[in-house]
>>> print(open('structure10.txt').read())   # compact mmCIF, C-alpha atoms
# COMPACT_ATOMS: atom_id res chain seq x y z
CA MET A 17 0.00 0.00 0.00
CA ALA A 18 1.54 3.33 -1.04
CA VAL A 19 2.06 6.05 1.51
CA ALA A 20 0.41 9.34 0.65
CA SER A 21 1.25 12.83 1.81
CA ARG A 22 -0.53 14.03 4.98
CA LYS A 23 -2.16 16.72 2.82
CA GLN A 24 -4.02 13.95 0.99
CA ILE A 25 -5.62 12.55 4.12
CA ASP A 26 -9.39 12.97 3.98
CA THR A 27 -11.69 11.40 6.53
CA GLY A 28 -14.83 12.76 4.89
CA THR A 29 -17.11 11.15 2.33
CA ARG A 30 -14.44 10.68 -0.35
CA GLY A 31 -12.38 8.25 1.70
CA ASP A 32 -8.83 8.31 2.98
CA CYS A 33 -6.00 8.53 0.43
CA LEU A 34 -3.33 7.31 2.86
CA THR A 35 -4.96 4.02 3.84
CA GLY A 36 -7.59 3.50 1.16
CA LEU A 37 -10.27 3.14 3.84
CA LEU A 38 -13.71 4.74 4.01
CA GLY A 39 -13.81 8.20 5.55
CA ARG A 40 -15.94 9.36 8.47
CA GLY A 41 -18.90 10.47 6.37
CA ALA A 42 -19.07 7.31 4.28
CA CYS A 43 -18.76 5.25 7.44
CA GLY A 44 -21.79 6.93 8.99
CA THR A 45 -23.85 6.43 5.82
CA LEU A 46 -22.94 2.74 5.59
CA LEU A 47 -23.64 2.18 9.28
CA ALA A 48 -27.13 3.69 8.95
CA THR A 49 -27.85 1.22 6.14
CA LEU A 50 -26.49 -1.72 8.14
CA ILE A 51 -28.62 -0.74 11.15
CA ALA A 52 -31.76 -0.69 8.99
CA ASP A 53 -30.94 -4.09 7.48
CA ALA A 54 -30.14 -5.53 10.90
CA GLN A 55 -33.54 -4.58 12.26
CA ASP A 56 -35.20 -6.60 9.50
CA ARG A 57 -33.01 -9.66 10.21
CA ASN A 58 -33.02 -9.32 14.02
CA ARG A 59 -29.19 -9.56 14.03
CA PRO A 60 -27.58 -6.41 15.48
CA VAL A 61 -24.64 -4.48 14.10
CA ALA A 62 -21.49 -4.15 16.17
CA VAL A 63 -19.15 -1.15 15.99
CA LEU A 64 -15.54 -1.47 17.12
CA TRP A 65 -13.74 1.86 17.62
CA ILE A 66 -9.96 1.40 17.45
CA ASP A 67 -7.43 3.91 18.76
CA ILE A 68 -3.69 3.35 18.36
CA ASP A 69 -2.23 3.99 21.81
CA ARG A 70 0.38 6.78 22.06
CA PHE A 71 0.64 7.16 18.28
CA ARG A 72 1.32 10.89 18.55
CA GLN A 73 4.57 10.04 20.31
CA ILE A 74 5.76 8.23 17.19
CA ASN A 75 5.08 11.34 15.11
CA ASN A 76 6.77 13.56 17.70
CA SER A 77 9.83 11.31 17.98
CA PHE A 78 10.37 10.24 14.35
CA GLY A 79 8.44 12.68 12.17
CA TYR A 80 5.19 12.46 10.23
CA ALA A 81 6.66 10.61 7.24
CA VAL A 82 7.72 7.72 9.47
CA GLY A 83 4.42 8.00 11.33
CA ASP A 84 2.52 7.55 8.08
CA ARG A 85 4.50 4.43 7.19
CA VAL A 86 3.85 2.99 10.64
CA LEU A 87 0.16 3.82 10.34
CA VAL A 88 -0.11 2.00 7.01
CA GLU A 89 1.53 -1.08 8.54
CA LEU A 90 -0.92 -0.99 11.44
CA VAL A 91 -3.86 -0.69 9.07
CA ASN A 92 -2.53 -3.74 7.21
CA ARG A 93 -2.49 -5.61 10.52
CA LEU A 94 -6.09 -4.63 11.18
CA ASP A 95 -7.05 -5.75 7.69
CA ARG A 96 -5.43 -9.16 8.17
CA VAL A 97 -7.62 -9.95 11.18
CA ARG A 98 -10.76 -8.31 9.75
CA PRO A 99 -13.66 -10.74 9.22
CA ALA A 100 -14.70 -10.98 5.57
CA GLN A 101 -18.05 -9.28 6.18
CA ALA A 102 -16.58 -6.39 8.18
CA THR A 103 -15.70 -2.91 6.89
CA LEU A 104 -12.89 -0.66 8.11
CA ALA A 105 -13.05 3.14 8.12
CA ARG A 106 -10.66 5.85 9.25
CA MET A 107 -12.19 8.30 11.70
CA GLY A 108 -9.15 10.46 12.51
CA ALA A 109 -5.38 10.56 12.53
CA ASP A 110 -4.93 7.33 14.51
CA GLU A 111 -8.52 6.20 15.04
CA PHE A 112 -10.46 3.65 13.04
CA VAL A 113 -13.84 2.00 13.09
CA MET A 114 -14.78 -1.53 12.13
CA LEU A 115 -18.42 -2.17 11.21
CA LEU A 116 -19.42 -5.76 11.89
CA PRO A 117 -22.89 -6.70 10.58
CA GLN A 118 -24.99 -9.50 12.06
CA ALA A 119 -22.78 -9.85 15.12
CA SER A 120 -23.54 -11.31 18.52
CA ARG A 121 -21.79 -10.02 21.61
CA HIS A 122 -19.52 -13.07 21.53
CA ASP A 123 -18.66 -12.40 17.88
CA ALA A 124 -17.81 -8.77 18.57
CA GLU A 125 -15.65 -9.54 21.61
CA GLN A 126 -13.79 -12.23 19.68
CA VAL A 127 -13.03 -9.75 16.90
CA GLY A 128 -11.95 -7.18 19.50
CA HIS A 129 -9.54 -9.73 20.96
CA HIS A 130 -8.08 -10.45 17.50
CA LEU A 131 -7.69 -6.73 16.77
CA VAL A 132 -5.77 -6.08 20.00
CA ASN A 133 -3.49 -9.08 19.41
CA GLY A 134 -3.02 -8.21 15.74
CA ILE A 135 -1.71 -4.74 16.55
CA HIS A 136 0.40 -5.88 19.48
CA GLN A 137 3.38 -7.30 17.58
CA SER A 138 6.95 -6.02 17.62
CA LEU A 139 7.60 -3.22 15.12
CA ALA A 140 10.96 -1.80 14.00
CA ILE A 141 11.36 1.97 13.53
CA GLY A 142 14.92 2.50 12.41
CA MET A 143 17.13 1.24 15.23
CA THR A 144 14.26 1.34 17.73
CA ARG A 145 11.85 -1.51 18.33
CA MET A 146 8.48 -0.91 19.90
CA ARG A 147 5.28 -2.78 20.69
CA PRO A 148 2.30 -0.84 19.38
CA SER A 149 -0.97 -1.38 21.15
CA ALA A 150 -4.57 -0.43 20.53
CA SER A 151 -7.56 0.42 22.69
CA VAL A 152 -10.77 -1.00 21.24
CA GLY A 153 -14.27 0.03 22.23
CA ILE A 154 -17.16 -2.26 21.31
CA ALA A 155 -20.80 -1.24 21.05
CA ILE A 156 -23.69 -3.47 19.98
CA ALA A 157 -26.60 -1.65 18.32
CA GLN A 158 -29.63 -1.24 20.56
CA PRO A 159 -33.26 -0.89 19.41
CA ASP A 160 -34.07 2.61 18.09
CA GLU A 161 -30.38 3.62 18.22
CA ASP A 162 -29.13 5.61 15.24
CA ALA A 163 -25.68 5.51 13.65
CA HIS A 164 -24.40 8.60 15.47
CA GLU A 165 -25.41 7.26 18.90
CA LEU A 166 -23.90 3.86 18.21
CA LEU A 167 -20.60 5.38 17.09
CA GLU A 168 -20.54 7.62 20.15
CA ARG A 169 -21.02 4.66 22.50
CA ALA A 170 -18.24 2.75 20.76
CA GLU A 171 -15.91 5.73 21.10
CA HIS A 172 -16.75 6.10 24.79
CA ALA A 173 -15.99 2.40 25.29
CA MET A 174 -12.62 2.91 23.59
CA VAL A 175 -11.87 5.74 26.03
CA GLU A 176 -12.63 3.39 28.90
CA ALA A 177 -10.28 0.76 27.45
CA LYS A 178 -7.58 3.43 27.27
CA ARG A 179 -8.30 4.55 30.84
CA GLU A 180 -7.74 0.99 32.04
CA GLY A 181 -4.27 1.05 30.53
CA GLY A 182 -4.82 0.47 26.80
CA GLY A 183 -3.92 -2.62 24.85
CA ARG A 184 -7.37 -4.12 25.46
CA TYR A 185 -10.99 -4.03 24.37
CA TYR A 186 -13.97 -2.82 26.37
CA LEU A 187 -17.67 -3.44 25.85
CA ALA A 188 -19.72 -0.23 25.83
CA VAL A 189 -21.75 0.87 28.82
CA GLU A 190 -24.10 3.82 29.13
CA ALA A 191 -22.14 5.70 31.81
CA THR A 192 -20.27 8.85 30.85
CA LEU A 193 -16.57 8.15 30.61
CA PRO A 194 -13.62 10.46 31.29
CA ALA A 195 -11.56 11.99 28.54
CA ARG A 196 -8.46 10.33 27.22
CA ASP A 197 -5.12 10.75 28.92
CA GLY A 198 -2.99 13.37 27.20
CA LYS A 199 0.44 12.17 28.29
CA TYR A 200 2.88 10.84 25.71
CA LEU A 201 6.06 8.87 26.05
CA ALA A 202 9.50 10.10 25.10
CA ARG A 203 11.64 8.01 22.75
CA GLU A 204 13.61 6.61 25.69
CA GLU A 205 10.38 5.47 27.27
CA LEU A 206 9.45 3.58 24.11
CA ALA A 207 12.68 1.61 24.50
CA ILE A 208 11.91 0.94 28.17
CA GLU A 209 8.44 -0.27 27.20
CA GLU A 210 9.96 -2.72 24.72
CA THR A 211 12.38 -3.93 27.40
CA LEU A 212 9.46 -4.59 29.75
CA HIS A 213 7.72 -6.64 27.07
CA ARG A 214 10.87 -8.67 26.59
CA ALA A 215 11.18 -9.14 30.34
CA LEU A 216 7.62 -10.47 30.51
CA GLU A 217 8.26 -12.87 27.65
CA MET A 218 11.76 -14.02 28.61
CA GLY A 219 11.50 -14.26 32.39
CA GLY A 220 13.45 -11.08 33.09
CA LEU A 221 11.17 -10.09 35.96
CA TYR A 222 11.67 -11.35 39.49
CA LEU A 223 10.82 -10.38 43.04
CA ASP A 224 13.13 -9.47 45.89
CA TYR A 225 11.79 -9.50 49.44
CA GLN A 226 12.48 -7.09 52.29
CA PRO A 227 11.64 -8.30 55.81
CA ILE A 228 9.32 -6.43 58.17
CA VAL A 229 10.25 -7.17 61.79
CA ARG A 230 8.83 -6.57 65.23
CA ILE A 231 11.12 -4.32 67.24
CA THR A 232 10.70 -5.99 70.62
CA ASP A 233 11.93 -9.47 69.67
CA GLY A 234 13.23 -9.10 66.09
CA ARG A 235 10.68 -11.60 64.78
CA THR A 236 9.99 -11.37 61.03
CA LEU A 237 6.25 -10.76 60.65
CA ALA A 238 6.07 -10.17 56.90
CA ALA A 239 8.10 -9.39 53.81
CA GLU A 240 7.39 -6.84 51.10
CA ALA A 241 7.73 -8.10 47.52
CA LEU A 242 9.70 -5.65 45.36
CA MET A 243 9.74 -6.01 41.59
CA ARG A 244 13.02 -6.22 39.69
CA CYS A 245 13.72 -6.23 35.95
CA ARG A 246 16.87 -7.70 34.39
CA VAL A 247 17.26 -8.00 30.60
CA ASP A 248 20.47 -8.87 28.70
CA GLY A 249 22.36 -8.98 31.98
CA ARG A 250 21.45 -5.39 32.89
CA LEU A 251 19.33 -4.49 35.90
CA MET A 252 16.85 -1.66 35.29
CA PRO A 253 15.99 0.36 38.42
CA PRO A 254 12.29 0.35 39.42
CA GLY A 255 12.36 4.15 39.32
CA ARG A 256 12.86 3.93 35.55
CA PHE A 257 10.49 1.16 34.52
CA ILE A 258 7.58 1.59 36.97
CA PRO A 259 6.57 5.09 35.68
CA VAL A 260 6.70 3.83 32.09
CA ALA A 261 4.64 0.77 33.01
CA GLU A 262 2.06 3.05 34.62
CA LYS A 263 1.83 5.30 31.56
CA THR A 264 1.56 2.46 29.05
CA GLY A 265 -0.82 0.25 31.00
CA LEU A 266 1.80 -2.48 31.36
CA ILE A 267 1.55 -1.96 35.11
CA SER A 268 -1.62 -4.05 35.01
CA HIS A 269 0.28 -7.02 33.54
CA LEU A 270 3.18 -6.48 35.93
CA GLY A 271 0.79 -6.26 38.85
CA ASP A 272 -0.96 -9.51 37.94
CA TRP A 273 2.43 -11.19 37.53
CA SER A 274 3.53 -9.93 40.95
CA LEU A 275 0.39 -11.25 42.64
CA VAL A 276 0.80 -14.72 41.17
CA THR A 277 4.57 -14.86 41.77
CA ALA A 278 4.26 -13.73 45.38
CA ALA A 279 1.40 -16.18 45.97
CA GLU A 280 3.53 -19.01 44.60
CA PHE A 281 6.27 -18.02 47.03
CA VAL A 282 3.77 -18.04 49.89
CA SER A 283 2.75 -21.56 48.83
CA ARG A 284 6.37 -22.75 48.81
CA LEU A 285 6.95 -21.22 52.24
CA HIS A 286 3.86 -22.96 53.57
CA ALA A 287 5.14 -26.29 52.25
CA GLN A 288 8.24 -25.71 54.41
CA GLY A 289 6.14 -24.95 57.48
CA LEU A 290 6.62 -21.16 57.21
CA ASP A 291 3.39 -19.16 57.13
CA LEU A 292 4.89 -15.75 56.42
CA ARG A 293 2.72 -12.90 55.16
CA VAL A 294 3.99 -11.41 51.89
CA ALA A 295 2.95 -7.87 50.89
CA VAL A 296 2.43 -6.92 47.24
CA ASN A 297 1.94 -3.39 45.89
CA VAL A 298 -1.30 -2.83 43.95
CA SER A 299 -1.39 -0.09 41.33
CA ARG A 300 -4.11 2.42 40.53
CA VAL A 301 -4.72 0.76 37.15
CA GLN A 302 -5.34 -2.59 38.83
CA LEU A 303 -7.80 -1.15 41.35
CA GLN A 304 -9.66 0.69 38.60
CA SER A 305 -10.01 -2.47 36.51
CA GLN A 306 -13.27 -4.40 36.37
CA SER A 307 -11.29 -7.66 36.29
CA PHE A 308 -9.29 -7.08 39.51
CA ALA A 309 -11.59 -9.13 41.75
CA LYS A 310 -11.48 -12.01 39.26
CA SER A 311 -7.68 -11.82 39.28
CA LEU A 312 -7.63 -12.15 43.07
CA HIS A 313 -9.91 -15.18 43.03
CA GLY A 314 -7.81 -16.62 40.22
CA VAL A 315 -4.69 -16.32 42.39
CA ILE A 316 -6.39 -18.27 45.20
CA ALA A 317 -7.66 -20.95 42.82
CA TYR A 318 -4.29 -21.31 41.09
CA THR A 319 -2.04 -21.45 44.17
CA GLY A 320 -4.41 -22.67 46.87
CA ILE A 321 -2.93 -20.23 49.41
CA ASP A 322 -4.65 -18.74 52.42
CA PRO A 323 -5.49 -15.21 51.18
CA GLY A 324 -4.67 -13.93 54.66
CA LEU A 325 -1.00 -14.49 53.83
CA LEU A 326 -1.00 -12.20 50.79
CA GLU A 327 -1.23 -8.57 51.87
CA LEU A 328 -2.24 -5.92 49.34
CA GLU A 329 -0.44 -2.60 49.75
CA ILE A 330 -2.31 0.39 48.36
CA THR A 331 -1.49 4.07 48.64
CA GLU A 332 -3.46 6.47 50.76
CA SER A 333 -4.57 8.48 47.72
CA LEU A 334 -5.95 5.32 46.13
CA LEU A 335 -7.99 4.44 49.19
CA MET A 336 -9.49 7.93 49.11
CA ASP A 337 -10.30 7.58 45.39
CA GLY A 338 -13.93 8.50 44.77
CA SER A 339 -14.30 5.91 41.99
CA GLU A 340 -17.04 3.37 42.64
CA GLN A 341 -14.97 0.76 40.81
CA VAL A 342 -12.07 1.28 43.23
CA ARG A 343 -14.42 0.97 46.21
CA ARG A 344 -15.94 -2.22 44.79
CA ASN A 345 -12.50 -3.74 44.29
CA VAL A 346 -11.38 -2.82 47.81
CA ARG A 347 -14.55 -4.37 49.26
CA ALA A 348 -14.07 -7.49 47.14
CA ALA A 349 -10.47 -7.89 48.30
CA VAL A 350 -11.46 -7.61 51.96
CA ALA A 351 -14.39 -10.01 51.47
CA ALA A 352 -12.05 -12.55 49.86
CA GLY A 353 -9.82 -12.47 52.93
CA PHE A 354 -6.88 -10.42 51.65
CA PRO A 355 -5.47 -8.06 54.32
CA LEU A 356 -4.91 -4.45 53.24
CA ALA A 357 -2.01 -2.19 54.16
CA LEU A 358 -2.01 1.56 53.62
CA ASP A 359 1.33 2.44 51.99
CA ASP A 360 3.16 5.81 52.08
CA PHE A 361 0.95 6.95 54.95
CA GLY A 362 1.12 10.64 55.80
CA THR A 363 1.84 11.88 52.28
CA GLY A 364 -1.79 12.21 51.14
CA TYR A 365 -4.45 14.81 51.80
CA SER A 366 -6.88 13.08 54.13
CA SER A 367 -4.83 10.96 56.50
CA LEU A 368 -7.00 11.32 59.61
CA ALA A 369 -10.30 10.94 57.74
CA CYS A 370 -8.80 7.92 56.02
CA LEU A 371 -7.84 6.33 59.34
CA LYS A 372 -11.38 6.51 60.71
CA ASP A 373 -13.18 4.39 58.13
CA MET A 374 -10.50 2.54 56.19
CA PRO A 375 -10.69 -1.27 55.85
CA ALA A 376 -6.90 -1.64 56.14
CA SER A 377 -5.39 -3.41 59.16
CA LYS A 378 -1.94 -1.87 58.78
CA ILE A 379 -0.45 1.50 57.89
CA LYS A 380 3.09 2.04 56.67
CA LEU A 381 4.52 5.34 57.88
CA ASP A 382 6.27 6.94 54.93
CA ARG A 383 10.06 7.08 55.02
CA ALA A 384 9.83 10.89 54.83
CA PHE A 385 9.11 10.85 58.58
CA VAL A 386 12.07 8.56 59.29
CA MET A 387 14.93 9.68 57.07
CA ASP A 388 15.64 12.95 58.94
CA LEU A 389 15.67 11.42 62.40
CA PRO A 390 17.12 12.25 64.87
CA GLN A 391 17.72 15.79 63.57
CA ASP A 392 14.05 16.52 62.79
CA MET A 393 12.14 15.99 66.02
CA ARG A 394 8.92 17.18 64.40
CA SER A 395 8.97 14.02 62.30
CA LEU A 396 9.29 12.05 65.53
CA GLY A 397 6.23 13.89 66.84
CA VAL A 398 4.26 12.80 63.78
CA ALA A 399 5.41 9.21 64.25
CA ARG A 400 4.34 9.30 67.91
CA ALA A 401 0.90 10.71 67.04
CA VAL A 402 0.33 8.15 64.28
CA ALA A 403 1.37 5.31 66.58
CA GLN A 404 -1.08 6.44 69.26
CA LEU A 405 -3.97 6.86 66.83
CA ALA A 406 -3.30 3.49 65.24
CA HIS A 407 -3.15 1.83 68.65
CA ASP A 408 -6.52 3.31 69.63
CA LEU A 409 -8.04 2.08 66.35
CA GLY A 410 -6.50 -1.39 66.53
CA ILE A 411 -4.25 -0.87 63.52
CA SER A 412 -0.59 -1.90 63.34
CA VAL A 413 2.09 0.54 62.16
CA VAL A 414 5.25 -0.16 60.16
CA ALA A 415 7.92 2.53 59.85
CA GLU A 416 9.63 2.39 56.45
CA GLY A 417 13.17 3.43 55.58
CA VAL A 418 14.86 2.70 58.93
CA GLU A 419 18.61 2.93 58.28
CA THR A 420 20.28 3.49 61.67
CA GLU A 421 20.14 2.08 65.19
CA GLU A 422 19.35 5.55 66.54
CA GLN A 423 16.29 5.82 64.27
CA LEU A 424 15.16 2.41 65.45
CA GLN A 425 15.41 3.35 69.12
CA LEU A 426 13.57 6.66 68.65
CA LEU A 427 10.75 4.97 66.75
CA GLN A 428 10.39 2.34 69.44
CA GLU A 429 10.16 5.07 72.06
CA ALA A 430 7.49 6.75 69.91
CA GLY A 431 5.36 3.61 70.05
CA ILE A 432 6.14 2.14 66.63
CA THR A 433 6.19 -1.66 66.88
CA GLN A 434 7.26 -2.79 63.39
CA VAL A 435 10.03 -1.55 61.10
CA GLN A 436 11.42 -2.08 57.62
CA GLY A 437 14.61 -0.73 56.10
CA PHE A 438 18.30 -1.23 55.35
CA HIS A 439 19.21 -1.25 59.05
CA ILE A 440 17.13 -4.41 59.41
CA ALA A 441 17.80 -6.03 56.04
CA ARG A 442 18.19 -5.08 52.43
CA PRO A 443 15.84 -6.59 49.84
CA MET A 444 16.93 -10.17 49.16
CA THR A 445 16.21 -13.10 46.88
CA GLU A 446 13.84 -15.90 47.79
CA PRO A 447 16.61 -18.32 48.89
CA ASP A 448 18.28 -15.60 50.95
CA LEU A 449 14.99 -14.76 52.69
CA ILE A 450 14.47 -18.42 53.58
CA ASP A 451 17.96 -18.46 55.09
CA TRP A 452 17.13 -15.23 56.93
CA LEU A 453 14.00 -16.79 58.39
CA ALA A 454 16.00 -19.78 59.57
>>> encode(input="structure10.txt", output="structure tokens")
Amino acid sequence: MAVASRKQIDTGTRGDCLTGLLGRGACGTLLATLIADAQDRNRPVAVLWIDIDRFRQINNSFGYAVGDRVLVELVNRLDRVRPAQATLARMGADEFVMLLPQASRHDAEQVGHHLVNGIHQSLAIGMTRMRPSASVGIAIAQPDEDAHELLERAEHAMVEAKREGGGRYYLAVEATLPARDGKYLAREELAIEETLHRALEMGGLYLDYQPIVRITDGRTLAAEALMRCRVDGRLMPPGRFIPVAEKTGLISHLGDWSLVTAAEFVSRLHAQGLDLRVAVNVSRVQLQSQSFAKSLHGVIAYTGIDPGLLELEITESLLMDGSEQVRRNVRAAVAAGFPLALDDFGTGYSSLACLKDMPASKIKLDRAFVMDLPQDMRSLGVARAVAQLAHDLGISVVAEGVETEEQLQLLQEAGITQVQGFHIARPMTEPDLIDWLA
């Protein structure tokens, strides 16, 4: 397929010169006809709205000429998985619509799955390799719904797929959805994203574990699982790959991997007679996902562990999130028996209000209140107040980032009972933690 100049792109009734697809106007006309025919046959039309995730970053990083060539290749990928009866149209710079006549919900979701997988293959741009992804919104025509309304619902569903991290499809609902995220990755971040994909495929991800101990007797009560990424012999710091994973939606895959991997470790510990609680960080994307509760139940079914041994660490700002989906997921986790810990406590906006009603059984005092001890006695005052409040509410407190014996003694005097940090132990591998426990 020849690449045309950007000046030739036309998404109106004449069609699109770059891709050869129908334009927006012709798409609407055809959809109206398909809706009318579908009503006679009692087989609804499905609309799949496809948005190429972060495509503007390709244009910004490599130029529009390269962007056009990439876009043509992606359209070819869509065409290869397109059912014979379906029609593709271009709705905007990086947005497309597939019209699927006589489609059941199962048919439409199966096509959506194929579209996402078809786009998500490695792609070379000069010396850079990337993994493009697409967000697909699916809407099934409802009685008395016109073409414009059906297209709008499909687009809203696509926005929801993008909000959940992209690289997935989402079936339309009637609720109003938020606007698309406007952040774009830099070229370096594209390379990091590709490295993360390789790590997922090649086993480059692993967990280290940092013990959490009780001050009075030094007993290890839990261990926090910390994600690591090593590809081609090089270790990538979490501070580099976690932000990229959050922007691209990969954090959802990494989060699911962490839950399963930590649960497997809990199972192996149990087989050795060690019932140690392991804490796993849960991201905002995971808690906003409709599939999070299913993932938790899947972890239990797959590993057979006691959910009380897998602690979910969530940030204070997440627990205060007004989203109903987040609240449902938190309730589902508690109902399933997973203990909750409030991470980075004291850095949010509603700490005291959060303490009163939160379902968490543990709070982790942020290292910001520990690192300047003993010089900053105001931080010690905060630690003392938090310890007293938590004690009155029946909540345990862990102080993070303890690096010196003097900090440890001051925190104990302030009423803190559990600590975590380099003074106790650095993060360690699974075999090293088992030796530590022995």
>>> closest_residue(input="structure10.txt", among="A:Val346, A:Ala157, A:Leu326, A:Ile379", to="A:Ala52", atoms="only C-alpha atoms")
A:Ala157
>>> closest_residue(input="structure10.txt", among="A:Arg244, A:Arg40, A:Arg383, A:Lys310", to="A:Ala109", atoms="all atoms listed in the file")
A:Arg40
>>> atom_distance(input="structure10.txt", atom1="atom CA of A:Phe71", atom2="atom CA of A:Leu90")
10.8 Å
>>> closest_residue(input="structure10.txt", among="A:Val414, A:Ile156, A:Val386, A:Leu50", to="A:Leu237", atoms="only C-alpha atoms")
A:Val414
>>> residues_around(input="structure10.txt", residues="A:Met218", least_positions_apart="6", cutoff="10 Å", atoms="only C-alpha atoms", output="VMD selection string")
chain A and resid 212 246 to 247
>>> closest_residue(input="structure10.txt", among="A:Thr445, A:Ser299, A:Gln425, A:Thr433", to="A:Gln404", atoms="only C-alpha atoms")
A:Thr433
>>> decode(input="structure10.txt", residues="stretch 59-77 of chain A", atoms="N, CA and C atoms", output="short mmCIF file (atom, residue, chain, number, x, y, z; two decimals), in the first residue's frame")
data_model
loop_
_atom_site.label_atom_id
_atom_site.label_comp_id
_atom_site.auth_asym_id
_atom_site.auth_seq_id
_atom_site.Cartn_x
_atom_site.Cartn_y
_atom_site.Cartn_z
N ARG A 59 -30.60 -9.28 13.71
CA ARG A 59 -29.19 -9.56 14.03
C ARG A 59 -28.47 -8.22 14.12
N PRO A 60 -28.09 -7.77 15.31
CA PRO A 60 -27.58 -6.41 15.48
C PRO A 60 -26.23 -6.18 14.82
N VAL A 61 -25.94 -4.91 14.61
CA VAL A 61 -24.64 -4.48 14.10
C VAL A 61 -23.74 -4.17 15.29
N ALA A 62 -22.48 -4.51 15.15
CA ALA A 62 -21.49 -4.15 16.17
C ALA A 62 -20.53 -3.12 15.57
N VAL A 63 -20.15 -2.14 16.38
CA VAL A 63 -19.15 -1.15 15.99
C VAL A 63 -17.96 -1.29 16.92
N LEU A 64 -16.78 -1.40 16.33
CA LEU A 64 -15.54 -1.47 17.12
C LEU A 64 -14.71 -0.23 16.80
N TRP A 65 -14.51 0.62 17.78
CA TRP A 65 -13.74 1.86 17.62
C TRP A 65 -12.31 1.58 18.08
N ILE A 66 -11.35 1.80 17.20
CA ILE A 66 -9.96 1.40 17.45
C ILE A 66 -9.09 2.65 17.51
N ASP A 67 -8.37 2.80 18.60
CA ASP A 67 -7.43 3.91 18.76
C ASP A 67 -6.04 3.33 18.98
N ILE A 68 -5.07 3.79 18.18
CA ILE A 68 -3.69 3.35 18.36
C ILE A 68 -3.10 4.10 19.55
N ASP A 69 -2.72 3.38 20.58
CA ASP A 69 -2.23 3.99 21.81
C ASP A 69 -0.93 4.75 21.57
N ARG A 70 -0.85 5.98 22.06
CA ARG A 70 0.38 6.78 22.06
C ARG A 70 0.97 6.99 20.67
N PHE A 71 0.12 7.03 19.64
CA PHE A 71 0.64 7.16 18.28
C PHE A 71 1.26 8.54 18.06
N ARG A 72 0.76 9.55 18.73
CA ARG A 72 1.32 10.89 18.55
C ARG A 72 2.79 10.92 18.94
N GLN A 73 3.17 10.06 19.90
CA GLN A 73 4.57 10.04 20.31
C GLN A 73 5.47 9.56 19.17
N ILE A 74 4.97 8.67 18.34
CA ILE A 74 5.76 8.23 17.19
C ILE A 74 5.98 9.40 16.24
N ASN A 75 4.93 10.16 15.96
CA ASN A 75 5.08 11.34 15.11
C ASN A 75 6.04 12.35 15.72
N ASN A 76 5.91 12.58 17.04
CA ASN A 76 6.77 13.56 17.70
C ASN A 76 8.23 13.12 17.72
N SER A 77 8.47 11.82 17.84
CA SER A 77 9.83 11.31 17.98
C SER A 77 10.52 11.08 16.64
#
